[in-house]
$ cat structure-v1.tsv   # TSV, C-alpha atoms
chain	number	residue	atom	x	y	z
A	223	MET	CA	-31.89	17.66	9.05
A	224	THR	CA	-30.29	16.14	12.15
A	225	GLU	CA	-31.47	13.52	14.59
A	226	ILE	CA	-33.58	14.67	17.51
A	227	TYR	CA	-34.15	12.98	20.83
A	228	ALA	CA	-36.87	12.95	23.46
A	229	VAL	CA	-37.80	11.56	26.85
A	230	TYR	CA	-41.48	10.59	26.79
A	231	GLY	CA	-42.95	11.52	30.17
A	232	ALA	CA	-42.11	14.50	32.38
A	233	SER	CA	-43.19	13.06	35.71
A	234	GLY	CA	-40.69	11.87	38.33
A	235	CYS	CA	-39.52	8.96	36.17
A	236	GLY	CA	-38.85	11.19	33.16
A	237	ARG	CA	-37.17	13.96	35.15
A	238	SER	CA	-34.88	11.38	36.78
A	239	LEU	CA	-33.93	9.86	33.42
A	240	MET	CA	-33.37	13.12	31.52
A	241	PRO	CA	-29.87	13.65	33.03
A	242	VAL	CA	-29.04	10.03	32.13
A	243	ALA	CA	-30.18	10.70	28.55
A	244	ARG	CA	-28.12	13.89	28.45
A	245	GLU	CA	-24.91	12.21	29.62
A	246	HIS	CA	-25.55	9.28	27.27
A	247	LEU	CA	-25.49	11.65	24.27
A	248	ALA	CA	-22.46	13.50	25.64
A	249	ARG	CA	-20.57	10.21	25.99
A	250	LEU	CA	-21.27	9.50	22.31
A	251	GLY	CA	-20.20	13.00	21.29
A	252	ILE	CA	-23.68	13.86	20.00
A	253	GLN	CA	-24.84	17.44	20.32
A	254	SER	CA	-28.62	17.61	20.09
A	255	THR	CA	-31.56	19.15	21.88
A	256	ILE	CA	-33.47	16.67	24.03
A	257	TYR	CA	-37.19	17.26	24.38
A	258	PHE	CA	-39.67	16.18	27.00
A	259	ILE	CA	-42.86	14.77	25.49
A	260	ASP	CA	-45.87	15.07	27.79
A	261	ASP	CA	-49.42	14.66	26.54
A	262	SER	CA	-50.84	16.63	29.47
A	263	LEU	CA	-49.25	19.85	28.19
A	264	ARG	CA	-51.57	22.42	26.64
A	265	GLU	CA	-48.75	24.50	25.21
A	266	ALA	CA	-45.00	24.25	24.72
A	267	THR	CA	-43.03	25.05	27.86
A	268	LYS	CA	-39.77	24.19	29.64
A	269	ILE	CA	-39.31	21.58	32.36
A	270	ASN	CA	-36.02	21.55	34.27
A	271	GLY	CA	-34.62	23.72	31.47
A	272	TYR	CA	-35.58	21.35	28.62
A	273	PRO	CA	-38.17	22.13	25.94
A	274	ALA	CA	-41.40	20.24	26.61
A	275	VAL	CA	-44.11	19.60	24.02
A	276	ASP	CA	-47.02	17.26	23.46
A	277	TYR	CA	-46.68	14.24	21.19
A	278	GLN	CA	-48.30	15.78	18.13
A	279	THR	CA	-45.96	18.78	18.29
A	280	PHE	CA	-42.91	16.52	18.58
A	281	LYS	CA	-44.17	14.36	15.74
A	282	ALA	CA	-44.42	17.45	13.52
A	283	LEU	CA	-40.79	18.51	14.11
A	284	GLN	CA	-38.60	18.11	11.04
A	285	SER	CA	-35.66	15.73	11.42
A	286	ALA	CA	-33.91	12.87	9.67
A	287	GLU	CA	-34.63	10.49	12.56
A	288	LYS	CA	-36.32	10.70	15.95
A	289	PHE	CA	-35.26	8.69	18.99
A	290	VAL	CA	-37.53	8.44	22.03
A	291	LEU	CA	-36.91	7.01	25.50
A	292	ILE	CA	-40.22	6.05	27.13
A	293	ALA	CA	-39.95	7.16	30.76
A	294	ILE	CA	-43.31	5.87	31.96
A	295	ALA	CA	-43.37	3.58	34.99
A	296	ASN	CA	-46.59	1.78	34.01
A	297	SER	CA	-45.49	-1.02	31.68
A	298	GLN	CA	-48.84	-1.33	29.91
A	299	ILE	CA	-48.74	2.35	28.95
A	300	ARG	CA	-45.08	1.92	27.97
A	301	GLU	CA	-46.10	-0.80	25.52
A	302	LYS	CA	-48.90	1.29	23.98
A	303	ILE	CA	-46.54	4.22	23.47
A	304	ALA	CA	-43.87	1.94	21.97
A	305	HIS	CA	-46.34	0.71	19.37
A	306	ARG	CA	-47.39	4.28	18.57
A	307	LEU	CA	-43.78	5.39	18.11
A	308	GLU	CA	-42.96	2.44	15.88
A	309	ASN	CA	-46.08	3.01	13.78
A	310	ASP	CA	-45.04	6.65	13.34
A	311	GLY	CA	-41.54	5.70	12.20
A	312	MET	CA	-39.68	6.75	15.36
A	313	GLN	CA	-36.91	4.75	17.02
A	314	LEU	CA	-37.02	3.41	20.57
A	315	TRP	CA	-34.04	4.99	22.34
A	316	SER	CA	-31.92	3.14	24.91
A	317	VAL	CA	-29.89	5.15	27.43
A	318	GLN	CA	-27.51	4.21	30.19
A	319	ALA	CA	-25.64	6.14	32.85
A	320	ASN	CA	-21.88	6.61	32.58
A	321	ASN	CA	-21.30	4.34	35.58
A	322	THR	CA	-23.53	1.50	34.40
A	323	VAL	CA	-21.52	-1.74	34.38
A	324	MET	CA	-22.07	-4.08	31.41
A	325	MET	CA	-20.10	-7.31	31.21
A	326	ASP	CA	-19.92	-10.08	28.55
A	327	GLN	CA	-22.56	-11.45	26.18
A	328	VAL	CA	-25.35	-9.05	27.13
A	329	GLU	CA	-28.25	-8.58	24.73
A	330	ILE	CA	-30.66	-5.74	25.50
A	331	ALA	CA	-33.48	-4.84	23.12
A	332	ALA	CA	-34.36	-1.25	22.23
A	333	GLY	CA	-35.85	1.23	24.66
A	334	ALA	CA	-33.89	0.33	27.82
A	335	ALA	CA	-33.34	2.84	30.62
A	336	LEU	CA	-30.36	1.95	32.82
A	337	SER	CA	-30.01	4.36	35.73
A	338	PRO	CA	-26.84	5.20	37.69
A	339	PHE	CA	-25.09	2.34	39.51
A	340	VAL	CA	-26.89	-0.42	37.59
A	341	THR	CA	-24.88	-3.59	36.90
A	342	ILE	CA	-25.69	-6.11	34.16
A	343	THR	CA	-23.27	-9.02	34.37
A	344	SER	CA	-22.64	-11.79	31.83
A	345	ASN	CA	-24.71	-13.99	29.50
A	346	ILE	CA	-27.96	-12.08	29.90
A	347	LYS	CA	-30.82	-11.46	27.49
A	348	ILE	CA	-33.28	-8.60	28.10
A	349	GLY	CA	-36.35	-7.57	26.11
A	350	LYS	CA	-37.56	-4.17	24.97
A	351	CYS	CA	-38.25	-1.10	27.12
A	352	PHE	CA	-36.57	-2.50	30.26
A	353	HIS	CA	-36.32	-0.08	33.18
A	354	ALA	CA	-33.56	-0.70	35.76
A	355	ASN	CA	-33.54	1.91	38.47
A	356	LEU	CA	-30.74	3.06	40.76
A	357	TYR	CA	-28.44	0.41	42.26
A	358	SER	CA	-30.22	-2.57	40.64
A	359	TYR	CA	-28.31	-5.54	39.32
A	360	VAL	CA	-28.92	-8.52	37.04
A	361	GLU	CA	-26.61	-11.47	37.60
A	362	HIS	CA	-25.42	-14.12	35.13
A	363	ASP	CA	-27.62	-16.27	32.86
A	364	CYS	CA	-30.86	-14.36	33.34
A	365	VAL	CA	-33.56	-13.96	30.71
A	366	ILE	CA	-35.85	-10.93	31.09
A	367	GLY	CA	-38.90	-10.28	28.91
A	368	ASP	CA	-40.40	-7.11	27.47
A	369	TYR	CA	-41.58	-4.11	29.52
A	370	VAL	CA	-40.11	-5.34	32.80
A	371	THR	CA	-39.52	-2.76	35.54
A	372	PHE	CA	-36.95	-2.84	38.35
A	373	ALA	CA	-37.44	-0.27	41.13
A	374	PRO	CA	-34.28	0.92	42.94
A	375	GLY	CA	-32.03	-1.64	44.59
A	376	VAL	CA	-33.39	-4.83	43.01
A	377	LYS	CA	-31.13	-7.86	43.43
A	378	CYS	CA	-31.78	-10.26	40.56
A	379	ASN	CA	-29.44	-13.19	41.02
A	380	GLY	CA	-28.32	-15.79	38.48
A	381	ASN	CA	-30.46	-18.19	36.41
A	382	ILE	CA	-33.71	-16.24	36.77
A	383	HIS	CA	-36.34	-15.87	34.06
A	384	ILE	CA	-38.61	-12.83	34.35
A	385	GLU	CA	-41.57	-12.71	31.98
A	386	ASP	CA	-43.15	-9.69	30.25
A	387	HIS	CA	-44.61	-6.81	32.29
A	388	ALA	CA	-43.33	-8.04	35.65
A	389	TYR	CA	-42.67	-5.34	38.26
A	390	ILE	CA	-39.94	-5.87	40.86
A	391	GLY	CA	-40.24	-3.54	43.86
A	392	THR	CA	-37.59	-1.52	45.66
A	393	GLY	CA	-35.01	-3.63	47.47
A	394	ALA	CA	-36.49	-6.97	46.43
A	395	VAL	CA	-34.14	-9.96	46.40
A	396	ILE	CA	-34.69	-12.85	43.99
A	397	LYS	CA	-32.92	-16.08	44.92
A	398	GLN	CA	-30.64	-17.64	42.35
A	399	GLY	CA	-32.04	-20.50	40.26
A	400	THR	CA	-30.07	-23.25	38.59
A	401	PRO	CA	-29.22	-23.86	34.92
A	402	ASN	CA	-31.58	-26.85	34.87
A	403	GLN	CA	-34.33	-25.16	36.89
A	404	PRO	CA	-34.34	-21.37	36.61
A	405	LEU	CA	-36.47	-19.46	39.09
A	406	VAL	CA	-39.36	-17.93	37.09
A	407	ILE	CA	-41.24	-14.69	37.75
A	408	GLY	CA	-44.47	-15.01	35.76
A	409	LYS	CA	-45.94	-12.54	33.30
A	410	GLY	CA	-47.36	-9.44	34.99
A	411	ALA	CA	-46.36	-10.54	38.48
A	412	VAL	CA	-45.61	-7.88	41.09
A	413	ILE	CA	-42.83	-8.39	43.64
A	414	GLY	CA	-43.42	-6.16	46.65
A	415	MET	CA	-40.91	-3.77	48.19
A	416	GLY	CA	-38.25	-5.64	50.15
A	417	ALA	CA	-39.64	-9.08	49.31
A	418	VAL	CA	-37.30	-12.05	49.38
A	419	VAL	CA	-38.31	-14.39	46.57
A	420	THR	CA	-37.17	-17.96	47.19
A	421	LYS	CA	-39.29	-19.82	44.63
A	422	SER	CA	-41.01	-19.23	41.30
A	423	VAL	CA	-43.92	-16.77	41.20
A	424	PRO	CA	-47.04	-17.47	39.11
A	425	PRO	CA	-48.19	-14.98	36.44
A	426	GLY	CA	-50.30	-12.04	37.54
A	427	VAL	CA	-49.97	-12.37	41.30
A	428	THR	CA	-48.45	-10.04	43.91
A	429	VAL	CA	-45.99	-11.44	46.43
A	430	VAL	CA	-44.73	-9.75	49.60
A	431	GLY	CA	-42.61	-10.52	52.64
A	432	ASN	CA	-39.67	-12.72	53.65
A	433	PRO	CA	-39.97	-15.34	52.36
A	434	ALA	CA	-42.26	-13.90	49.70
A	435	ARG	CA	-45.83	-15.22	49.72
A	436	ILE	CA	-48.82	-14.47	47.55
A	437	LEU	CA	-50.85	-11.52	48.78
A	438	GLU	CA	-54.41	-12.79	48.96
A	439	LYS	CA	-57.20	-10.43	47.96
A	440	LYS	CA	-59.69	-9.80	50.74

$ encode --input "structure-v1.tsv" --output "structure tokens"
Amino acid sequence: MTEIYAVYGASGCGRSLMPVAREHLARLGIQSTIYFIDDSLREATKINGYPAVDYQTFKALQSAEKFVLIAIANSQIREKIAHRLENDGMQLWSVQANNTVMMDQVEIAAGAALSPFVTITSNIKIGKCFHANLYSYVEHDCVIGDYVTFAPGVKCNGNIHIEDHAYIGTGAVIKQGTPNQPLVIGKGAVIGMGAVVTKSVPPGVTVVGNPARILEKK
């Protein structure tokens, strides 16, 4: 029995990451079918030419090991699925595009999805199930928690700490912190599209604009 691989989620996120998963295996010289897992399916089908099944069908497939990339944008759902996979003895699968740039002393936990043109520079620690979309970068001496999501074009500069479940919107810019005083994005915070973050953001709030300010609920 060989290893089998899957992308969990066949929405836009999953369909965008499937080619990345495919080229990741090709780069490693691994020949294997990659499945889509989608719980909304009522019967096995094909999506973009790949076999697509629900979770229970994938779970029942015979293999030595199963590796699954969770391609779900919602970080809370991503966490629930990660726990389910781990409880069922499956491995979280990390994939990266061929043109992803990785420099020195980078630690990334399992389940990462690094899209084309992503750059991770030096002395960086990243938690599990990190999503970095097209053209995002993480500069030196950053610490990123679990289930963090970068939309396309995020500019995460040096000495920034991003806590679990934070979402950084398309084109957002986060100002560089200092070694003694890193800029902190709190747990579950949302950084709006195009925001320019010049100071730390409390947990659970949404910030927008330039300079970024807390979006007050009306």

$ closest_atom_pairs --input "structure-v1.tsv" --of "stretch 288-340 of chain A" --to "stretch 395-411 of chain A" --cutoff "12 Å" --atoms "all atoms listed in the file" --output "Markdown table"
| residue | atom | partner | partner_atom | distance |
| --- | --- | --- | --- | --- |
| A:Asn296 | CA | A:Gly410 | CA | 11.3 |
| A:Ser297 | CA | A:Gly410 | CA | 9.2 |
| A:Gln298 | CA | A:Gly410 | CA | 9.7 |

$ closest_atom_pairs --input "structure-v1.tsv" --of "stretch 265-325 of chain A" --to "stretch 367-388 of chain A" --cutoff "12 Å" --atoms "only C-alpha atoms" --output "tab-separated table"
residue	atom	partner	partner_atom	distance
A:Ile292	CA	A:Tyr369	CA	10.5
A:Ala293	CA	A:Thr371	CA	11.0
A:Ile294	CA	A:Thr371	CA	10.1
A:Ala295	CA	A:Thr371	CA	7.4
A:Asn296	CA	A:Thr371	CA	8.5
A:Ser297	CA	A:Tyr369	CA	5.4
A:Gln298	CA	A:His387	CA	7.3
A:Ile299	CA	A:Tyr369	CA	9.7
A:Arg300	CA	A:Tyr369	CA	7.1
A:Glu301	CA	A:Tyr369	CA	6.9
A:Lys302	CA	A:Tyr369	CA	10.7
A:Ile303	CA	A:Tyr369	CA	11.4
A:Ala304	CA	A:Tyr369	CA	9.9

$ closest_atom_pairs --input "structure-v1.tsv" --of "stretch 297-323 of chain A" --to "stretch 273-285 of chain A" --cutoff "10 Å" --atoms "only C-alpha atoms" --output "tab-separated table"
residue	atom	partner	partner_atom	distance
A:Leu307	CA	A:Lys281	CA	9.3
A:Asp310	CA	A:Lys281	CA	8.1
A:Gly311	CA	A:Lys281	CA	9.7
A:Met312	CA	A:Lys281	CA	8.8

$ closest_residue --input "structure-v1.tsv" --among "A:Thr322, A:Asn270, A:Gln327, A:Thr428" --to "A:Ile256" --atoms "all atoms listed in the file"
A:Asn270

$ residues_around --input "structure-v1.tsv" --residues "A:Thr255" --least-positions-apart "4" --cutoff "12 Å" --atoms "only C-alpha atoms" --output "list in words"
Thr224, Glu225, Ile226, Tyr227, Ala228, Val229, Met240, Ala243, Arg244, Leu247, Ala248, Gly271, Tyr272, Pro273, Ala274, Ser285, Lys288 and Phe289 of chain A

$ closest_residue --input "structure-v1.tsv" --among "A:Leu250, A:Leu356, A:Gly393, A:Tyr230" --to "A:Gly333" --atoms "all atoms listed in the file"
A:Tyr230

$ closest_residue --input "structure-v1.tsv" --among "A:Asn355, A:Ala319, A:Ser422, A:Gly431" --to "A:Pro241" --atoms "all atoms listed in the file"
A:Ala319

$ closest_residue --input "structure-v1.tsv" --among "A:Met415, A:Leu239, A:Val340, A:Ile390" --to "A:Tyr357" --atoms "only C-alpha atoms"
A:Val340

$ closest_residue --input "structure-v1.tsv" --among "A:Thr343, A:Gln318, A:Ser233, A:Ser337" --to "A:Arg249" --atoms "all atoms listed in the file"
A:Gln318

$ atom_distance --input "structure-v1.tsv" --atom1 "atom CA of A:Val328" --atom2 "atom CA of A:Thr341"
11.2 Å

$ atom_distance --input "structure-v1.tsv" --atom1 "atom CA of A:Val290" --atom2 "atom CA of A:Gly236"
11.5 Å

$ build_atoms --input "structure-v1.tsv" --residues "stretch 429-440 of chain A" --atoms "all heavy atoms" --output "PDB file, in the coordinates of the input"
ATOM      1  N   VAL A 429     -46.587 -10.766  45.278  1.00  0.00           N
ATOM      2  CA  VAL A 429     -45.990 -11.440  46.430  1.00  0.00           C
ATOM      3  C   VAL A 429     -45.287 -10.409  47.308  1.00  0.00           C
ATOM      4  O   VAL A 429     -44.736  -9.422  46.817  1.00  0.00           O
ATOM      5  CB  VAL A 429     -45.003 -12.558  46.006  1.00  0.00           C
ATOM      6  CG1 VAL A 429     -45.729 -13.636  45.203  1.00  0.00           C
ATOM      7  CG2 VAL A 429     -43.826 -12.011  45.217  1.00  0.00           C
ATOM      8  N   VAL A 430     -45.338 -10.666  48.620  1.00  0.00           N
ATOM      9  CA  VAL A 430     -44.730  -9.750  49.600  1.00  0.00           C
ATOM     10  C   VAL A 430     -44.067 -10.575  50.690  1.00  0.00           C
ATOM     11  O   VAL A 430     -44.398 -11.747  50.897  1.00  0.00           O
ATOM     12  CB  VAL A 430     -45.785  -8.816  50.228  1.00  0.00           C
ATOM     13  CG1 VAL A 430     -46.413  -7.906  49.181  1.00  0.00           C
ATOM     14  CG2 VAL A 430     -46.885  -9.602  50.951  1.00  0.00           C
ATOM     15  N   GLY A 431     -43.153  -9.938  51.427  1.00  0.00           N
ATOM     16  CA  GLY A 431     -42.610 -10.520  52.640  1.00  0.00           C
ATOM     17  C   GLY A 431     -41.352 -11.335  52.459  1.00  0.00           C
ATOM     18  O   GLY A 431     -40.786 -11.447  51.390  1.00  0.00           O
ATOM     19  N   ASN A 432     -40.892 -11.904  53.587  1.00  0.00           N
ATOM     20  CA  ASN A 432     -39.670 -12.720  53.650  1.00  0.00           C
ATOM     21  C   ASN A 432     -39.957 -13.966  54.473  1.00  0.00           C
ATOM     22  O   ASN A 432     -40.120 -13.875  55.685  1.00  0.00           O
ATOM     23  CB  ASN A 432     -38.539 -11.918  54.249  1.00  0.00           C
ATOM     24  CG  ASN A 432     -37.251 -12.707  54.366  1.00  0.00           C
ATOM     25  OD1 ASN A 432     -37.128 -13.794  53.814  1.00  0.00           O
ATOM     26  ND2 ASN A 432     -36.291 -12.157  55.088  1.00  0.00           N
ATOM     27  N   PRO A 433     -40.043 -15.134  53.817  1.00  0.00           N
ATOM     28  CA  PRO A 433     -39.970 -15.340  52.360  1.00  0.00           C
ATOM     29  C   PRO A 433     -41.249 -14.835  51.679  1.00  0.00           C
ATOM     30  O   PRO A 433     -42.311 -14.773  52.304  1.00  0.00           O
ATOM     31  CB  PRO A 433     -39.848 -16.864  52.240  1.00  0.00           C
ATOM     32  CG  PRO A 433     -40.530 -17.393  53.457  1.00  0.00           C
ATOM     33  CD  PRO A 433     -40.228 -16.395  54.552  1.00  0.00           C
ATOM     34  N   ALA A 434     -41.129 -14.482  50.422  1.00  0.00           N
ATOM     35  CA  ALA A 434     -42.260 -13.900  49.700  1.00  0.00           C
ATOM     36  C   ALA A 434     -43.408 -14.894  49.591  1.00  0.00           C
ATOM     37  O   ALA A 434     -43.199 -16.077  49.336  1.00  0.00           O
ATOM     38  CB  ALA A 434     -41.812 -13.460  48.305  1.00  0.00           C
ATOM     39  N   ARG A 435     -44.622 -14.388  49.822  1.00  0.00           N
ATOM     40  CA  ARG A 435     -45.830 -15.220  49.720  1.00  0.00           C
ATOM     41  C   ARG A 435     -46.867 -14.425  48.920  1.00  0.00           C
ATOM     42  O   ARG A 435     -46.820 -13.185  48.875  1.00  0.00           O
ATOM     43  CB  ARG A 435     -46.365 -15.570  51.089  1.00  0.00           C
ATOM     44  CG  ARG A 435     -46.800 -14.358  51.885  1.00  0.00           C
ATOM     45  CD  ARG A 435     -46.969 -14.648  53.378  1.00  0.00           C
ATOM     46  NE  ARG A 435     -47.443 -13.467  54.081  1.00  0.00           N
ATOM     47  CZ  ARG A 435     -46.669 -12.447  54.455  1.00  0.00           C
ATOM     48  NH1 ARG A 435     -45.376 -12.456  54.166  1.00  0.00           N
ATOM     49  NH2 ARG A 435     -47.171 -11.424  55.123  1.00  0.00           N
ATOM     50  N   ILE A 436     -47.800 -15.131  48.345  1.00  0.00           N
ATOM     51  CA  ILE A 436     -48.820 -14.470  47.550  1.00  0.00           C
ATOM     52  C   ILE A 436     -49.748 -13.652  48.435  1.00  0.00           C
ATOM     53  O   ILE A 436     -50.227 -14.132  49.465  1.00  0.00           O
ATOM     54  CB  ILE A 436     -49.630 -15.505  46.727  1.00  0.00           C
ATOM     55  CG1 ILE A 436     -48.716 -16.195  45.718  1.00  0.00           C
ATOM     56  CG2 ILE A 436     -50.813 -14.853  46.022  1.00  0.00           C
ATOM     57  CD1 ILE A 436     -49.383 -17.323  44.944  1.00  0.00           C
ATOM     58  N   LEU A 437     -49.954 -12.411  48.043  1.00  0.00           N
ATOM     59  CA  LEU A 437     -50.850 -11.520  48.780  1.00  0.00           C
ATOM     60  C   LEU A 437     -52.273 -11.842  48.348  1.00  0.00           C
ATOM     61  O   LEU A 437     -52.673 -11.620  47.204  1.00  0.00           O
ATOM     62  CB  LEU A 437     -50.514 -10.062  48.434  1.00  0.00           C
ATOM     63  CG  LEU A 437     -51.313  -8.973  49.155  1.00  0.00           C
ATOM     64  CD1 LEU A 437     -51.057  -9.016  50.660  1.00  0.00           C
ATOM     65  CD2 LEU A 437     -50.957  -7.603  48.606  1.00  0.00           C
ATOM     66  N   GLU A 438     -53.033 -12.385  49.265  1.00  0.00           N
ATOM     67  CA  GLU A 438     -54.410 -12.790  48.960  1.00  0.00           C
ATOM     68  C   GLU A 438     -55.326 -11.583  48.984  1.00  0.00           C
ATOM     69  O   GLU A 438     -55.237 -10.739  49.875  1.00  0.00           O
ATOM     70  CB  GLU A 438     -54.897 -13.842  49.969  1.00  0.00           C
ATOM     71  CG  GLU A 438     -54.036 -15.099  50.030  1.00  0.00           C
ATOM     72  CD  GLU A 438     -54.144 -15.948  48.777  1.00  0.00           C
ATOM     73  OE1 GLU A 438     -55.055 -15.707  47.961  1.00  0.00           O
ATOM     74  OE2 GLU A 438     -53.320 -16.872  48.620  1.00  0.00           O
ATOM     75  N   LYS A 439     -56.211 -11.519  47.992  1.00  0.00           N
ATOM     76  CA  LYS A 439     -57.200 -10.430  47.960  1.00  0.00           C
ATOM     77  C   LYS A 439     -58.290 -10.701  48.986  1.00  0.00           C
ATOM     78  O   LYS A 439     -58.817 -11.802  49.082  1.00  0.00           O
ATOM     79  CB  LYS A 439     -57.787 -10.314  46.551  1.00  0.00           C
ATOM     80  CG  LYS A 439     -56.780  -9.880  45.508  1.00  0.00           C
ATOM     81  CD  LYS A 439     -57.425  -9.747  44.131  1.00  0.00           C
ATOM     82  CE  LYS A 439     -56.392  -9.299  43.108  1.00  0.00           C
ATOM     83  NZ  LYS A 439     -56.980  -9.219  41.755  1.00  0.00           N
ATOM     84  N   LYS A 440     -58.655  -9.662  49.728  1.00  0.00           N
ATOM     85  CA  LYS A 440     -59.690  -9.800  50.740  1.00  0.00           C
ATOM     86  C   LYS A 440     -61.064  -9.483  50.124  1.00  0.00           C
ATOM     87  O   LYS A 440     -61.184  -8.637  49.285  1.00  0.00           O
ATOM     88  CB  LYS A 440     -59.411  -8.870  51.921  1.00  0.00           C
ATOM     89  CG  LYS A 440     -58.136  -9.264  52.679  1.00  0.00           C
ATOM     90  CD  LYS A 440     -57.919  -8.364  53.873  1.00  0.00           C
ATOM     91  CE  LYS A 440     -56.654  -8.757  54.648  1.00  0.00           C
ATOM     92  NZ  LYS A 440     -56.408  -7.886  55.818  1.00  0.00           N
TER      93      LYS A 440
END
